[in-house]
>>> print(open('start14.txt').read())   # compact mmCIF, C-alpha atoms and all ligand atoms
# COMPACT_ATOMS: atom_id res chain seq x y z
CA MET N 15 25.98 13.27 -4.47
CA GLY N 16 24.74 10.11 -2.71
CA ASP N 17 23.26 7.01 -4.29
CA LEU N 18 20.66 7.62 -6.95
CA ILE N 19 18.28 4.70 -7.47
CA LEU N 20 15.87 4.37 -10.37
CA GLY N 21 12.79 2.58 -9.02
CA ILE N 22 10.27 0.78 -11.23
CA GLU N 23 6.80 -0.45 -10.21
CA THR N 24 4.29 -2.40 -12.33
CA SER N 25 2.76 -4.91 -9.90
CA CYS N 26 -0.89 -3.98 -10.52
CA ASP N 27 -2.47 -1.16 -12.51
CA GLU N 28 0.03 1.67 -12.08
CA THR N 29 3.05 2.02 -14.36
CA ALA N 30 5.53 3.97 -12.25
CA ALA N 31 9.16 5.10 -12.21
CA ALA N 32 11.03 7.36 -9.79
CA VAL N 33 14.51 8.53 -8.97
CA VAL N 34 15.35 8.73 -5.25
CA ARG N 35 18.61 9.71 -3.56
CA ASP N 36 19.79 7.75 -0.50
CA GLY N 37 16.42 6.15 0.16
CA HIS N 38 14.53 9.37 0.92
CA ASP N 39 15.27 12.35 -1.32
CA VAL N 40 12.68 12.11 -4.14
CA LEU N 41 13.99 13.70 -7.38
CA SER N 42 11.11 12.49 -9.52
CA ASN N 43 8.04 10.30 -9.05
CA VAL N 44 6.02 9.50 -12.17
CA VAL N 45 2.84 7.41 -11.99
CA SER N 46 0.71 6.51 -15.00
CA SER N 47 -2.56 5.18 -13.62
CA GLN N 48 -4.74 2.77 -15.56
CA ILE N 49 -7.80 3.43 -13.38
CA ASP N 50 -9.82 4.87 -16.29
CA ILE N 51 -9.03 1.85 -18.47
CA HIS N 52 -10.20 -0.66 -15.83
CA ALA N 53 -13.11 1.33 -14.37
CA ARG N 54 -15.53 0.17 -17.06
CA TYR N 55 -14.87 -3.46 -16.03
CA GLY N 56 -15.32 -2.72 -12.31
CA GLY N 57 -11.83 -3.98 -11.47
CA VAL N 58 -8.36 -4.63 -12.84
CA VAL N 59 -8.31 -6.91 -15.92
CA PRO N 60 -4.85 -8.54 -15.84
CA GLU N 61 -4.31 -8.87 -19.59
CA VAL N 62 -5.42 -5.28 -20.19
CA ALA N 63 -3.06 -4.14 -17.41
CA SER N 64 -0.08 -5.96 -18.96
CA ARG N 65 -0.68 -4.37 -22.35
CA ALA N 66 -0.95 -0.89 -20.86
CA HIS N 67 2.32 -1.46 -18.93
CA VAL N 68 4.07 -2.41 -22.19
CA GLU N 69 2.93 0.85 -23.76
CA MET N 70 3.72 3.11 -20.82
CA MET N 71 6.87 1.57 -19.35
CA MET N 72 9.57 3.34 -21.36
CA PRO N 73 7.84 6.75 -21.58
CA VAL N 74 7.35 6.69 -17.80
CA VAL N 75 11.01 5.76 -17.17
CA ALA N 76 12.17 8.47 -19.59
CA GLU N 77 9.98 11.05 -17.86
CA ALA N 78 11.32 10.07 -14.43
CA MET N 79 14.92 10.44 -15.62
CA VAL N 80 14.31 13.81 -17.33
CA GLU N 81 12.22 15.21 -14.46
CA GLY N 82 14.87 14.13 -11.97
CA GLY N 83 17.56 15.77 -14.12
CA VAL N 84 19.44 12.48 -14.04
CA ASP N 85 21.67 10.80 -16.61
CA LYS N 86 21.98 6.99 -16.66
CA ASP N 87 25.65 7.36 -15.64
CA ASP N 88 24.56 9.04 -12.37
CA LEU N 89 22.56 5.99 -11.23
CA ALA N 90 23.85 3.63 -8.54
CA ALA N 91 21.30 0.91 -9.37
CA VAL N 92 17.96 0.02 -10.93
CA ALA N 93 15.42 -1.35 -8.43
CA CYS N 94 12.15 -3.00 -9.39
CA THR N 95 9.17 -4.67 -7.72
CA VAL N 96 9.46 -8.44 -8.36
CA GLY N 97 6.31 -9.44 -6.41
CA PRO N 98 3.71 -9.91 -5.14
CA GLY N 99 1.27 -8.80 -7.83
CA LEU N 100 -0.19 -9.75 -11.19
CA ILE N 101 2.36 -11.92 -12.94
CA GLY N 102 1.91 -10.41 -16.42
CA SER N 103 2.21 -6.89 -14.99
CA LEU N 104 5.24 -7.73 -12.85
CA LEU N 105 7.05 -9.28 -15.81
CA ILE N 106 6.88 -6.05 -17.82
CA GLY N 107 8.63 -4.06 -15.07
CA VAL N 108 11.14 -6.77 -14.23
CA SER N 109 12.11 -7.27 -17.88
CA ALA N 110 12.48 -3.52 -18.42
CA ALA N 111 14.49 -3.03 -15.21
CA LYS N 112 16.85 -5.94 -15.91
CA SER N 113 17.37 -4.82 -19.52
CA LEU N 114 18.20 -1.28 -18.43
CA ALA N 115 20.53 -2.52 -15.68
CA LEU N 116 22.29 -4.77 -18.19
CA VAL N 117 22.79 -2.21 -20.94
CA TRP N 118 23.72 0.57 -18.51
CA GLY N 119 26.06 -1.72 -16.56
CA LYS N 120 24.24 -1.05 -13.23
CA PRO N 121 23.28 -3.43 -10.41
CA PHE N 122 19.70 -4.74 -10.44
CA ILE N 123 17.87 -4.70 -7.08
CA ALA N 124 14.85 -6.94 -6.46
CA VAL N 125 12.18 -5.26 -4.32
CA ASN N 126 9.23 -6.82 -2.48
CA HIS N 127 6.13 -4.68 -3.12
CA LEU N 128 4.92 -5.01 0.49
CA GLU N 129 8.30 -3.93 1.86
CA ALA N 130 8.18 -1.00 -0.58
CA HIS N 131 4.85 0.11 0.96
CA LEU N 132 6.46 0.00 4.42
CA TYR N 133 9.29 2.24 3.17
CA ALA N 134 6.90 4.99 2.08
CA SER N 135 7.20 6.28 5.67
CA PHE N 136 10.99 6.52 5.41
CA LEU N 137 10.76 8.75 2.34
CA GLU N 138 9.53 11.57 4.52
CA LYS N 139 10.90 10.44 7.86
CA PRO N 140 14.23 8.67 7.19
CA ASP N 141 15.20 8.77 10.86
CA MET N 142 11.94 7.26 12.13
CA GLU N 143 12.51 5.62 15.49
CA LEU N 144 12.02 1.87 15.74
CA PRO N 145 10.36 -0.37 16.76
CA ALA N 146 7.26 0.94 15.03
CA VAL N 147 3.88 -0.66 14.50
CA ILE N 148 2.96 -0.38 10.82
CA LEU N 149 -0.54 -1.02 9.58
CA LEU N 150 -0.18 -2.12 5.96
CA VAL N 151 -3.58 -1.90 4.30
CA SER N 152 -3.97 -2.21 0.54
CA GLY N 153 -6.20 -3.78 -2.07
CA GLY N 154 -4.48 -7.13 -1.71
CA HIS N 155 -3.13 -7.14 1.87
CA THR N 156 -3.99 -6.22 5.44
CA MET N 157 -1.09 -6.79 7.81
CA LEU N 158 -0.09 -5.55 11.22
CA VAL N 159 3.71 -5.48 11.32
CA LEU N 160 6.16 -4.65 14.09
CA MET N 161 9.19 -3.20 12.33
CA GLU N 162 12.09 -3.80 14.72
CA GLY N 163 14.92 -2.78 12.37
CA HIS N 164 15.52 -2.28 8.66
CA GLY N 165 14.38 -5.44 6.90
CA GLN N 166 13.24 -6.91 10.23
CA TYR N 167 9.51 -7.45 10.39
CA ARG N 168 7.54 -9.30 13.00
CA LEU N 169 4.16 -10.26 11.57
CA LEU N 170 1.63 -9.66 14.34
CA GLY N 171 -1.49 -10.38 12.32
CA GLN N 172 -3.11 -10.34 8.91
CA THR N 173 -6.49 -10.74 7.29
CA LEU N 174 -8.01 -14.20 7.24
CA ASP N 175 -10.17 -13.36 4.21
CA ASP N 176 -10.67 -10.06 2.35
CA ALA N 177 -8.12 -7.25 2.49
CA ALA N 178 -9.38 -3.89 3.81
CA GLY N 179 -9.16 -2.27 0.35
CA GLU N 180 -10.91 -5.26 -1.18
CA ALA N 181 -13.80 -4.77 1.29
CA TYR N 182 -14.06 -1.10 0.23
CA ASP N 183 -14.01 -2.08 -3.44
CA LYS N 184 -16.60 -4.86 -3.01
CA VAL N 185 -19.01 -2.75 -0.96
CA ALA N 186 -18.71 0.07 -3.51
CA ARG N 187 -19.39 -2.34 -6.35
CA TYR N 188 -22.46 -3.70 -4.56
CA LEU N 189 -23.80 -0.20 -4.01
CA GLY N 190 -23.06 0.63 -7.66
CA LEU N 191 -20.71 3.48 -6.73
CA GLY N 192 -17.84 2.77 -9.14
CA TYR N 193 -14.22 1.66 -9.02
CA PRO N 194 -11.95 1.85 -7.12
CA GLY N 195 -14.30 1.95 -4.16
CA GLY N 196 -11.92 3.25 -1.48
CA PRO N 197 -11.67 6.89 -2.53
CA ILE N 198 -15.39 7.02 -3.46
CA ILE N 199 -16.60 5.67 -0.10
CA ASP N 200 -14.09 7.89 1.69
CA LYS N 201 -15.59 10.98 0.02
CA MET N 202 -19.22 9.92 0.53
CA ALA N 203 -18.61 9.07 4.18
CA ALA N 204 -17.78 12.71 4.87
CA ASP N 205 -21.48 13.53 4.30
CA GLY N 206 -22.89 10.53 6.18
CA ASP N 207 -23.57 9.54 9.78
CA PRO N 208 -21.00 6.99 11.01
CA GLU N 209 -23.41 5.93 13.75
CA ALA N 210 -26.39 5.34 11.43
CA VAL N 211 -25.80 1.57 11.43
CA ARG N 212 -23.68 -0.41 13.89
CA PHE N 213 -21.93 -2.90 11.59
CA PRO N 214 -20.02 -5.79 13.23
CA ARG N 215 -16.36 -5.43 14.26
CA ALA N 216 -15.16 -8.98 13.65
CA MET N 217 -12.53 -10.32 16.03
CA ALA N 218 -11.93 -6.83 17.44
CA LYS N 219 -11.12 -8.23 20.87
CA ASP N 220 -9.07 -11.31 19.93
CA GLY N 221 -5.53 -11.35 18.67
CA TYR N 222 -4.14 -9.34 15.81
CA ASP N 223 -5.72 -11.05 12.82
CA PHE N 224 -8.49 -9.39 10.82
CA SER N 225 -11.60 -10.53 8.97
CA PHE N 226 -13.55 -8.25 6.63
CA SER N 227 -15.67 -10.66 4.67
CA GLY N 228 -18.44 -10.79 7.31
CA LEU N 229 -18.60 -6.99 7.40
CA LYS N 230 -19.05 -6.87 3.63
CA THR N 231 -21.85 -9.47 3.82
CA SER N 232 -23.50 -7.62 6.66
CA VAL N 233 -23.51 -4.36 4.63
CA VAL N 234 -25.06 -6.20 1.66
CA ASN N 235 -27.76 -7.81 3.86
CA TYR N 236 -28.53 -4.54 5.61
CA VAL N 237 -28.96 -2.65 2.35
CA ARG N 238 -31.19 -5.40 0.97
CA LYS N 239 -33.48 -5.17 4.01
CA ASN N 240 -33.32 -1.38 4.28
CA PRO N 241 -33.20 -0.01 0.73
CA ASP N 242 -34.18 3.47 1.86
CA VAL N 243 -31.17 4.15 4.06
CA ALA N 244 -28.96 6.78 2.39
CA ASP N 245 -25.78 5.55 0.70
CA VAL N 246 -23.75 8.21 2.50
CA ASP N 247 -24.86 6.77 5.87
CA ILE N 248 -23.99 3.23 4.78
CA ALA N 249 -20.59 4.46 3.52
CA ALA N 250 -19.87 6.31 6.78
CA SER N 251 -21.01 3.42 9.00
CA PHE N 252 -19.02 0.85 6.99
CA GLN N 253 -15.91 3.03 7.10
CA GLU N 254 -16.32 3.56 10.84
CA ALA N 255 -16.36 -0.23 11.38
CA VAL N 256 -13.25 -0.79 9.21
CA VAL N 257 -11.21 1.98 10.83
CA ASP N 258 -12.38 1.04 14.34
CA VAL N 259 -11.22 -2.55 14.02
CA LEU N 260 -7.93 -1.65 12.30
CA LEU N 261 -6.94 0.90 14.90
CA THR N 262 -8.18 -1.01 17.95
CA LYS N 263 -5.64 -3.70 17.08
CA ALA N 264 -2.89 -1.32 16.02
CA GLN N 265 -3.19 0.59 19.29
CA ARG N 266 -3.12 -2.62 21.33
CA ALA N 267 0.08 -3.62 19.49
CA VAL N 268 1.71 -0.26 20.26
CA HIS N 269 1.04 -0.84 23.97
CA GLU N 270 2.01 -4.53 24.05
CA PHE N 271 5.30 -4.10 22.18
CA ASP N 272 6.18 -0.71 23.60
CA ALA N 273 6.52 0.74 20.11
CA LYS N 274 7.97 4.21 19.54
CA GLY N 275 5.72 4.91 16.59
CA LEU N 276 2.54 4.06 14.72
CA CYS N 277 2.55 4.31 10.90
CA LEU N 278 0.25 3.64 8.00
CA ALA N 279 1.16 2.11 4.64
CA GLY N 280 -0.64 0.90 1.49
CA GLY N 281 -3.48 2.31 -0.61
CA VAL N 282 -6.08 2.34 2.18
CA ALA N 283 -3.69 4.56 4.18
CA ALA N 284 -4.95 7.32 1.85
CA ASN N 285 -8.25 7.13 3.77
CA SER N 286 -9.18 10.39 5.53
CA LEU N 287 -10.70 8.86 8.66
CA LEU N 288 -7.92 6.30 9.10
CA ARG N 289 -5.29 9.05 8.76
CA ALA N 290 -6.94 11.41 11.22
CA ARG N 291 -7.60 8.72 13.84
CA THR N 292 -4.07 7.31 13.56
CA LEU N 293 -2.57 10.69 14.38
CA GLU N 294 -5.05 11.23 17.24
CA LEU N 295 -4.27 7.84 18.76
CA ALA N 296 -0.52 8.26 18.48
CA GLU N 297 -0.72 11.65 20.14
CA ALA N 298 -2.92 10.33 22.94
CA ASP N 299 -0.44 7.49 23.52
CA GLY N 300 2.61 9.77 23.40
CA VAL N 301 4.22 7.93 20.47
CA ALA N 302 5.20 9.26 17.05
CA GLY N 303 2.35 8.98 14.55
CA PHE N 304 3.17 8.96 10.89
CA VAL N 305 0.99 8.93 7.78
CA PRO N 306 2.81 9.19 4.44
CA ALA N 307 1.53 11.63 1.81
CA ARG N 308 -1.48 10.16 -0.03
CA SER N 309 0.51 9.87 -3.27
CA MET N 310 3.08 7.72 -1.45
CA CYS N 311 0.41 5.43 0.07
CA THR N 312 -1.02 4.19 -3.25
CA ASP N 313 1.27 2.33 -5.66
CA ASN N 314 4.29 4.39 -6.76
CA ALA N 315 7.95 3.84 -7.58
CA ALA N 316 9.51 6.25 -5.06
CA MET N 317 8.74 3.73 -2.30
CA VAL N 318 10.33 1.01 -4.49
CA ALA N 319 13.51 3.05 -4.92
CA ALA N 320 13.59 3.70 -1.14
CA ALA N 321 13.19 0.02 -0.23
CA GLY N 322 15.70 -0.83 -2.99
CA TRP N 323 18.32 1.47 -1.47
CA TRP N 324 18.04 -0.29 1.88
CA ARG N 325 18.02 -3.74 0.24
CA MET N 326 21.12 -2.84 -1.79
CA ALA N 327 22.93 -2.08 1.47
CA SER N 328 21.81 -5.30 3.18
CA ASP N 329 21.62 -7.87 0.35
CA GLY N 330 23.47 -6.35 -2.61
CA PRO N 331 22.30 -6.79 -6.20
CA ALA N 332 19.96 -9.57 -7.34
CA PRO N 333 21.18 -12.10 -9.92
CA MET N 334 20.16 -11.47 -13.53
CA ASP N 335 18.10 -14.67 -13.56
CA GLN N 336 15.86 -13.17 -10.85
CA GLY N 337 12.27 -13.68 -11.97
CA ALA N 338 8.93 -12.22 -10.95
CA ASN N 339 6.92 -13.96 -8.22
CA SER N 340 3.20 -13.21 -8.05
CA SER N 341 2.82 -14.64 -4.52
CA LEU N 342 6.04 -13.34 -2.95
CA ALA N 343 5.59 -12.93 0.83
CA LEU N 344 6.96 -10.17 3.06
CA PRO N 345 10.02 -11.66 4.81
CA THR N 346 8.61 -11.78 8.36
CA TYR N 347 9.18 -13.75 11.54
CA ALA N 348 6.50 -14.69 14.05
O1 LIG Y 1 -1.66 -0.12 -2.42
P1 LIG Y 1 -2.63 0.01 -3.53
O2 LIG Y 1 -2.52 1.22 -4.44
O3 LIG Y 1 -2.58 -1.26 -4.47
C1 LIG Y 1 -2.35 -2.55 -3.92
O4 LIG Y 1 -1.15 -2.89 -3.76
O5 LIG Y 1 -3.37 -3.18 -3.59
O6 LIG Y 1 -4.09 -0.07 -2.86
C2 LIG Y 1 -5.26 0.01 -3.61
C3 LIG Y 1 -6.44 -0.06 -2.65
C4 LIG Y 1 -7.79 -0.17 -3.35
O7 LIG Y 1 -8.54 -1.22 -2.75
C5 LIG Y 1 -8.45 1.19 -3.09
O8 LIG Y 1 -9.87 1.13 -3.02
C6 LIG Y 1 -7.86 1.53 -1.74
O9 LIG Y 1 -6.51 1.12 -1.82
N1 LIG Y 1 -7.91 2.99 -1.47
C7 LIG Y 1 -8.63 3.54 -0.46
C8 LIG Y 1 -8.49 4.93 -0.58
N2 LIG Y 1 -7.67 5.19 -1.65
C9 LIG Y 1 -7.33 3.99 -2.19
N3 LIG Y 1 -9.37 2.97 0.51
C10 LIG Y 1 -10.00 3.78 1.38
N4 LIG Y 1 -9.93 5.13 1.32
C11 LIG Y 1 -9.19 5.75 0.38
N5 LIG Y 1 -9.13 7.09 0.33
ZN ZN Y 2 0.36 -1.74 -3.46
>>> encode(input="start14.txt", output="structure tokens")
Amino acid sequence: MGDLILGIETSCDETAAAVVRDGHDVLSNVVSSQIDIHARYGGVVPEVASRAHVEMMMPVVAEAMVEGGVDKDDLAAVACTVGPGLIGSLLIGVSAAKSLALVWGKPFIAVNHLEAHLYASFLEKPDMELPAVILLVSGGHTMLVLMEGHGQYRLLGQTLDDAAGEAYDKVARYLGLGYPGGPIIDKMAADGDPEAVRFPRAMAKDGYDFSFSGLKTSVVNYVRKNPDVADVDIAASFQEAVVDVLLTKAQRAVHEFDAKGLCLAGGVAANSLLRARTLELAEADGVAGFVPARSMCTDNAAMVAAAGWWRMASDGPAPMDQGANSSLALPTYA
């Protein structure tokens, strides 16, 4: 019946649990989002998030087990995100996962949240050919990674300031559009003119690092000076600049490193324009293009169970004194 892994994810504002067989066959994937709780504050309030995780953790795990039709005895291991993320939030998941592993007599697998995002692609495409260029874009990170083998990541570049999702969220907050900004701007952009304003593409021509803080400032300044320009046009023009710079670099990396594929990962990978352009570029370049389902791009536990299955094979179980680490880095080489 293969290896069934219970995955647990609580690094930010989603309480999630999933059961996945052999790193790709998703039996259940339960996500309890706290978006409504945090929306009134315009962003995630860490203490509020921790309390909501405490309330939702066990019901979400129970639902994932029942929905997956799985008994605790069927599990090969319990895998959980140990970082990076909000420390109070992480600790809820890690404590729950270690307790369950201990009482059920199962191995405990420590999962890096960023690696989990990368494994969202393998849920649907377990035999994806490597090396692949993966653009990991979330609320906290923007990284261009060359995945050369399982667990082998060459870091080509990352953001020097704001993450791509953070830029979406900050621009949306400035325009008074609500939280989280990504999905709202994505939707508005569909009705706007992406060429209405030519916002700057910082560092588009040099290297693989990114910078989004100047773009955010330039949107704010433009709106201040031109209050009559429609929000939909600002949204579309801002989005065009973000996607343009992300994919200009990703495409250059595909060429330079002779990659077999181009993939997206992380919450911003749910973006309509980024998804469509990624597939267009990959096709034009004759490489495999892959965009995980939207539900697998934003935080979920199926990706944690998938990454956990691979980590179990390479590293084995984590010790029971494994803690949470809010600033855990993706294990990369230059
Ligand atoms: O990966 P994720 O769920 O959480 C982190 O680990 O950060 O990413 C959340 C981020 C937020 O900044 C949100 O605005 C952004 O992903 N996001 C989007 C879209 N959906 C979510 N950004 C652009 N377009 C979207 N459709
Ligand atoms: Zn995430």
>>> residues_near_ligand(input="start14.txt", ligand="ligand LIG 1 (chain Y)", cutoff="6 Å", atoms="all atoms listed in the file", output="list in words")
Ser152, Gly153, Gly154, Gly179, Glu180, Tyr182, Asp183, Pro194, Gly195, Gly196, Pro197, Asp200, Gly280, Gly281, Val282, Ala284, Asn285, Thr312 and Asp313 of chain N
>>> closest_residue(input="start14.txt", among="N:Leu158, N:Val44, N:Leu150, N:Ala66", to="Leu278 of chain N", atoms="all atoms listed in the file")
N:Leu150
>>> closest_residue(input="start14.txt", among="N:Asn314, N:Leu276, N:Asp176, N:Tyr236", to="ligand ZN 2 (chain Y)", atoms="only C-alpha atoms and all ligand atoms")
N:Asn314
>>> closest_residue(input="start14.txt", among="N:Ala78, N:Val92, N:Leu100, N:Leu41", to="Ala63 of chain N", atoms="all atoms listed in the file")
N:Leu100
>>> closest_residue(input="start14.txt", among="N:Ala216, N:Cys26, N:Ala111, N:Val256", to="ligand ZN 2 (chain Y)", atoms="all atoms listed in the file")
N:Cys26
>>> residues_around(input="start14.txt", residues="segment 218-221 of chain N", least_positions_apart="6", cutoff="12 Å", atoms="all atoms listed in the file", output="list in words")
Leu158, Leu170, Gly171, Gln172, Thr173, Ala255, Val256, Val257, Asp258, Val259, Leu260, Leu261, Thr262, Lys263, Ala264, Gln265, Arg266, Ala267 and Glu270 of chain N
>>> write_last_selection(input="start14.txt", atoms="C-alpha atoms", output="PDB file, in the coordinates of the input")
ATOM      1  CA  LEU N 158      -0.090  -5.550  11.220  1.00  0.00           C
ATOM      2  CA  LEU N 170       1.630  -9.660  14.340  1.00  0.00           C
ATOM      3  CA  GLY N 171      -1.490 -10.380  12.320  1.00  0.00           C
ATOM      4  CA  GLN N 172      -3.110 -10.340   8.910  1.00  0.00           C
ATOM      5  CA  THR N 173      -6.490 -10.740   7.290  1.00  0.00           C
ATOM      6  CA  ALA N 255     -16.360  -0.230  11.380  1.00  0.00           C
ATOM      7  CA  VAL N 256     -13.250  -0.790   9.210  1.00  0.00           C
ATOM      8  CA  VAL N 257     -11.210   1.980  10.830  1.00  0.00           C
ATOM      9  CA  ASP N 258     -12.380   1.040  14.340  1.00  0.00           C
ATOM     10  CA  VAL N 259     -11.220  -2.550  14.020  1.00  0.00           C
ATOM     11  CA  LEU N 260      -7.930  -1.650  12.300  1.00  0.00           C
ATOM     12  CA  LEU N 261      -6.940   0.900  14.900  1.00  0.00           C
ATOM     13  CA  THR N 262      -8.180  -1.010  17.950  1.00  0.00           C
ATOM     14  CA  LYS N 263      -5.640  -3.700  17.080  1.00  0.00           C
ATOM     15  CA  ALA N 264      -2.890  -1.320  16.020  1.00  0.00           C
ATOM     16  CA  GLN N 265      -3.190   0.590  19.290  1.00  0.00           C
ATOM     17  CA  ARG N 266      -3.120  -2.620  21.330  1.00  0.00           C
ATOM     18  CA  ALA N 267       0.080  -3.620  19.490  1.00  0.00           C
ATOM     19  CA  GLU N 270       2.010  -4.530  24.050  1.00  0.00           C
TER      20      GLU N 270
END
>>> residues_around(input="start14.txt", residues="Leu132 of chain N", least_positions_apart="3", cutoff="12 Å", atoms="all atoms listed in the file", output="MDAnalysis selection string")
chainID N and resid 125:129 135:140 142 146:152 157:161 163:167 276:281 283 304:306 310:313 316:318 320:322 324 344
>>> residues_around(input="start14.txt", residues="Ala110 of chain N", least_positions_apart="3", cutoff="10 Å", atoms="all atoms listed in the file", output="list of chain:residue names")
N:Ile22, N:Val68, N:Met71, N:Met72, N:Val75, N:Val92, N:Cys94, N:Leu105, N:Ile106, N:Gly107, N:Ser113, N:Leu114, N:Ala115, N:Leu116
>>> closest_residue(input="start14.txt", among="N:Ala250, N:Ala134, N:Ala327, N:Val301", to="ligand ZN 2 (chain Y)", atoms="only C-alpha atoms and all ligand atoms")
N:Ala134
>>> atom_distance(input="start14.txt", atom1="atom CA of Ser109 of chain N", atom2="atom CA of Pro121 of chain N")
14.0 Å
>>> closest_residue(input="start14.txt", among="N:Arg168, N:Arg65, N:His38, N:His155", to="ligand ZN 2 (chain Y)", atoms="all atoms listed in the file")
N:His155
>>> atom_distance(input="start14.txt", atom1="atom CA of Thr156 of chain N", atom2="atom CA of Ala178 of chain N")
6.1 Å
>>> residues_around(input="start14.txt", residues="Lys230 of chain N", least_positions_apart="3", cutoff="8 Å", atoms="all atoms listed in the file", output="ChimeraX atom specification")
/N:181,184-185,226-227,233-234
>>> residues_around(input="start14.txt", residues="segment 52-59 of chain N", least_positions_apart="6", cutoff="7 Å", atoms="all atoms listed in the file", output="list in words")
Asp27, Gly192 and Tyr193 of chain N
>>> atom_distance(input="start14.txt", atom1="atom CA of Val96 of chain N", atom2="atom CA of Ala338 of chain N")
4.6 Å
>>> build_atoms(input="start14.txt", residues="segment 274-285 of chain N", atoms="N, CA, C and O atoms", output="mmCIF file, in the frame of the given file")
data_model
loop_
_atom_site.group_PDB
_atom_site.id
_atom_site.type_symbol
_atom_site.label_atom_id
_atom_site.label_comp_id
_atom_site.auth_asym_id
_atom_site.auth_seq_id
_atom_site.Cartn_x
_atom_site.Cartn_y
_atom_site.Cartn_z
ATOM 1 N N LYS N 274 7.675 2.773 19.491
ATOM 2 C CA LYS N 274 7.970 4.210 19.540
ATOM 3 C C LYS N 274 7.099 4.982 18.549
ATOM 4 O O LYS N 274 7.008 6.212 18.616
ATOM 5 N N GLY N 275 6.516 4.222 17.600
ATOM 6 C CA GLY N 275 5.720 4.910 16.590
ATOM 7 C C GLY N 275 4.616 4.049 16.017
ATOM 8 O O GLY N 275 4.627 2.822 16.158
ATOM 9 N N LEU N 276 3.658 4.731 15.407
ATOM 10 C CA LEU N 276 2.540 4.060 14.720
ATOM 11 C C LEU N 276 2.441 4.674 13.326
ATOM 12 O O LEU N 276 2.302 5.888 13.181
ATOM 13 N N CYS N 277 2.551 3.815 12.285
ATOM 14 C CA CYS N 277 2.550 4.310 10.900
ATOM 15 C C CYS N 277 1.520 3.593 10.064
ATOM 16 O O CYS N 277 1.160 2.449 10.344
ATOM 17 N N LEU N 278 1.143 4.249 8.990
ATOM 18 C CA LEU N 278 0.250 3.640 8.000
ATOM 19 C C LEU N 278 1.014 3.397 6.709
ATOM 20 O O LEU N 278 1.956 4.119 6.394
ATOM 21 N N ALA N 279 0.577 2.391 5.952
ATOM 22 C CA ALA N 279 1.160 2.110 4.640
ATOM 23 C C ALA N 279 0.104 1.448 3.764
ATOM 24 O O ALA N 279 -0.856 0.867 4.268
ATOM 25 N N GLY N 280 0.279 1.545 2.436
ATOM 26 C CA GLY N 280 -0.640 0.900 1.490
ATOM 27 C C GLY N 280 -1.762 1.828 1.061
ATOM 28 O O GLY N 280 -2.005 2.869 1.689
ATOM 29 N N GLY N 281 -2.464 1.448 -0.001
ATOM 30 C CA GLY N 281 -3.480 2.310 -0.610
ATOM 31 C C GLY N 281 -4.558 2.789 0.339
ATOM 32 O O GLY N 281 -4.992 3.949 0.257
ATOM 33 N N VAL N 282 -4.998 1.949 1.265
ATOM 34 C CA VAL N 282 -6.080 2.340 2.180
ATOM 35 C C VAL N 282 -5.583 3.406 3.189
ATOM 36 O O VAL N 282 -6.376 4.114 3.804
ATOM 37 N N ALA N 283 -4.257 3.521 3.313
ATOM 38 C CA ALA N 283 -3.690 4.560 4.180
ATOM 39 C C ALA N 283 -3.969 5.947 3.624
ATOM 40 O O ALA N 283 -3.708 6.954 4.285
ATOM 41 N N ALA N 284 -4.522 6.020 2.397
ATOM 42 C CA ALA N 284 -4.950 7.320 1.850
ATOM 43 C C ALA N 284 -6.292 7.737 2.450
ATOM 44 O O ALA N 284 -6.759 8.849 2.220
ATOM 45 N N ASN N 285 -6.912 6.858 3.221
ATOM 46 C CA ASN N 285 -8.250 7.130 3.770
ATOM 47 C C ASN N 285 -8.248 8.242 4.825
ATOM 48 O O ASN N 285 -7.485 8.191 5.798
#
